[in-house]
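Let me begin by presenting the structure, written as structure tokens, before commenting on it.
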Amino acid sequence: MASDPHRWRVLAVVATAFFMTILDVSIVNVALPSIGRDLSFSQANLQWVITAYAIAFGGFLLLGGRAADLIGRRRVFIVGVTLFTLASLVCGLAQNEGMLITSRAVQGLGGAIISPAALSIVMTSFEEGAERNKALGIWGALGGSGAAVGVLAGGVLTKYLGWQWIFFVNVPVGALVLALTPRIVRESRRETAERHYDALGAVLVSSGLALLVYAISEAPNVGWATARTILLLIASGALLVGFLVSERRIHDPLMPFHIFRVRTVAGANAVGALLGAVIFANFFLLTLYVQDVLGYSALKTGITFVATAGTAVVAAGFAQALTTKVGAKPIIVIGLALLTGAMIWYSQIPVHGNYASDLLPGYLMVGVGIAFAFVPVSIAALAGVAEREAGLASGLINTSQQVGGAIGTAVASTVFTSHFKTLIGEGRPKLDALTHGYGYGFWALAFFGAAAIVAALTLIRREEMAETPATAPAA
């Protein structure tokens, strides 16, 4: 498919919607105390404001990507934006915890439809090469900086307008995207005489992924070794194994396994999962440290992340140019090395930390690391993928990052909680116990970062990055 003459306007429209979905992963973090007070949330249920979104988002991404390929990418994108926008409105109008949690789940479903459809629209609007790499560089910058901007936006909106506006702000943006999409974005879909929708595969993978995200999100609260967590993990594993068996047996599966014949695609998804674990858990731990140990307000906490968000946006341009010039692999490794170094830096943060000397160097390393990792990983995840399977590849990398983020946050939370309780039991002061607990959590993230470097070095191949969609395996 030739490049769309309106491709840069297409990118602006769909990237705006994508950025909303990433923003809403973290924007509620600093607003949770205010939400809890206003809606009389129980402490146990408050975390569901985040978890409900994560479960729906992670569980339905793969289905959303395949639906875009078969039904039409623009059509599915519009459905996703409509769902997301309406759910955002209901979130802001919520009068009780049940109403907010339910609407957050619908918002997550909308995000799961938007993200892969939007990325596949970008892929099919730009021919493979320097221009697509530049577009994916912008995409990677938005994805990488979205979590940091979310913390900042959440702090500002909660402080000056109220927590409801972290949701209301999506409504005019969503309405604008819906107005522009039919005029600017052309329709595209997989061209095939027959359309098989693999209903069984969709049910198995969506329920399996949703149950997996639920199990690991709840594990820090109920314990990893409890019967509940173990049974949930077994059930999710059984559903996903059933999905794999089902996909092997049907003519037109939801996830054709031949896509993994391109080793770089498989490697990019492995790196994407570990990268998501580091990034999302990093913002989770840092937000807690800055508020609970340093005593920063929601607004001040958000402002601290300007350094990361701004650095990521600036560095993304360099990351895209370098990826085009020298290839994705070395740039990914540099980015992951910076992120791993930042996690080790954060593991040393003191009780009475100073922003300029103790936090800012890490914030800057993370900003550059995000750009240098996210941008080439986004490019590598689509390397050599046929246009007809753009939605599948887009759904895969989004799923890898979201599920990885859920796992990373759960593991970091478990490590922090267990060490915090141990130190409190030994009679250590609360702030000291908190700080050292966070330090152990950052060491766990450094391990994920090191594993990602190994995956990038061993699985991503320079020669495959030069393949065109025409050389991708046929369905």
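Just so we're on the same page: first chain in the structure tokens is A, next is B, and so on; residues restart at 1 for each chain, and ligands are numbered from 1 in the order they show up.
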
Would you kindly return, as a PyMOL selection string, each protein, DNA or RNA residue with an atom no farther than 10 Å from any atom of range 62-76 of chain A, considering only C-alpha atoms and excluding same-chain residues fewer than 5 positions away?
chain A and resi 14+57+81-82+109-121+124+181-182+185-192+194-199+201-203+205-206+209+253-255+387-400

Determine, counting only C-alpha atoms, which protein, DNA and RNA residues have an atom within 8 Å of an atom of Ile27 in chain A; residues of the same chain fewer than 5 positions away are not included. Present the result as a ChimeraX atom specification.
/A:147,149-154,166

Separation of CA of Gln95 in chain A and CA of Leu299 in chain A, in Å?
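These two atoms are separated by 24.2 Å.
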
For Arg104 in chain A, list every protein, DNA or RNA residue within 9 Å, evaluated using only C-alpha atoms, and leave out those in the same chain fewer than 5 positions away; present the list as a list in words.
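So the residues in contact are Trp48, Val49, Ile50, Thr51, Ala52, Tyr53, Ala56, Ala87, Ser88, Val90, Cys91, Met99 and Leu109 of chain A.
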
Now that the selection is made, can you save its residues with C-alpha atoms as an mmCIF file, in the first residue's frame?
data_model
loop_
_atom_site.group_PDB
_atom_site.id
_atom_site.type_symbol
_atom_site.label_atom_id
_atom_site.label_comp_id
_atom_site.auth_asym_id
_atom_site.auth_seq_id
_atom_site.Cartn_x
_atom_site.Cartn_y
_atom_site.Cartn_z
ATOM 1 C CA TRP A 48 -9.510 -1.189 41.642
ATOM 2 C CA VAL A 49 -9.644 2.273 40.062
ATOM 3 C CA ILE A 50 -6.271 1.345 38.532
ATOM 4 C CA THR A 51 -6.678 -2.428 38.302
ATOM 5 C CA ALA A 52 -10.032 -2.397 36.455
ATOM 6 C CA TYR A 53 -8.487 -0.283 33.692
ATOM 7 C CA ALA A 56 -9.561 -4.602 30.456
ATOM 8 C CA ALA A 87 -16.584 6.013 29.671
ATOM 9 C CA SER A 88 -14.398 8.996 30.601
ATOM 10 C CA VAL A 90 -19.166 8.567 33.202
ATOM 11 C CA CYS A 91 -15.971 8.277 35.288
ATOM 12 C CA MET A 99 -19.955 3.306 39.113
ATOM 13 C CA LEU A 109 -11.738 -1.753 26.875
#

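Between CA of Leu339 in chain A and CA of Met365 in chain A lies a distance of 6.5 Å.
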
With a distance cut-off of 12 Å and only C-alpha atoms, select the neighbouring residues of Ser34 in chain A, excluding the residue or stretch itself and same-chain residues fewer than 6 positions from it, and output the selection as a ChimeraX atom specification.
/A:28,40-41,46,154-155,157-159,161-164,166,297-298

Please produce an output containing C-alpha atoms for each residue in the selection, written as a compact mmCIF listing (two decimals), in the first residue's frame.
# COMPACT_ATOMS: atom_id res chain seq x y z
CA VAL A 28 -5.21 8.53 38.50
CA SER A 40 -16.09 6.88 50.41
CA PHE A 41 -13.98 4.08 48.95
CA LEU A 46 -9.45 1.90 45.95
CA GLY A 154 -3.05 14.21 37.44
CA GLY A 155 -1.38 16.43 40.00
CA LEU A 157 -5.89 18.79 37.52
CA THR A 158 -6.55 17.33 40.97
CA LYS A 159 -5.08 20.40 42.68
CA LEU A 161 -10.04 21.56 39.20
CA GLY A 162 -10.76 18.40 41.19
CA TRP A 163 -10.15 14.72 40.46
CA GLN A 164 -13.18 14.57 38.12
CA ILE A 166 -8.63 13.84 35.06
CA SER A 297 1.82 17.22 47.45
CA ALA A 298 0.03 15.76 44.41

Selection: 12 Å around Ala451 in chain A, only C-alpha atoms, excl. self and same-chain fewer than 2 positions, as a PyMOL selection string:
chain A and resi 267+270-275+277-278+333+336-337+339-340+444-449+453-459

Which neighbours of Val366 in chain A fall inside 12 Å, counting only C-alpha atoms, when residues of the same chain fewer than 6 positions from it are skipped, and could you give them as a PyMOL selection string?
chain A and resi 144-145+147-148+275+278-280+282-283+286+305-313+315+334-346+359-360+372-374+449

Quick one, how far is CA of Ile184 in chain A from CA of Arg9 in chain A?
7.1 Å
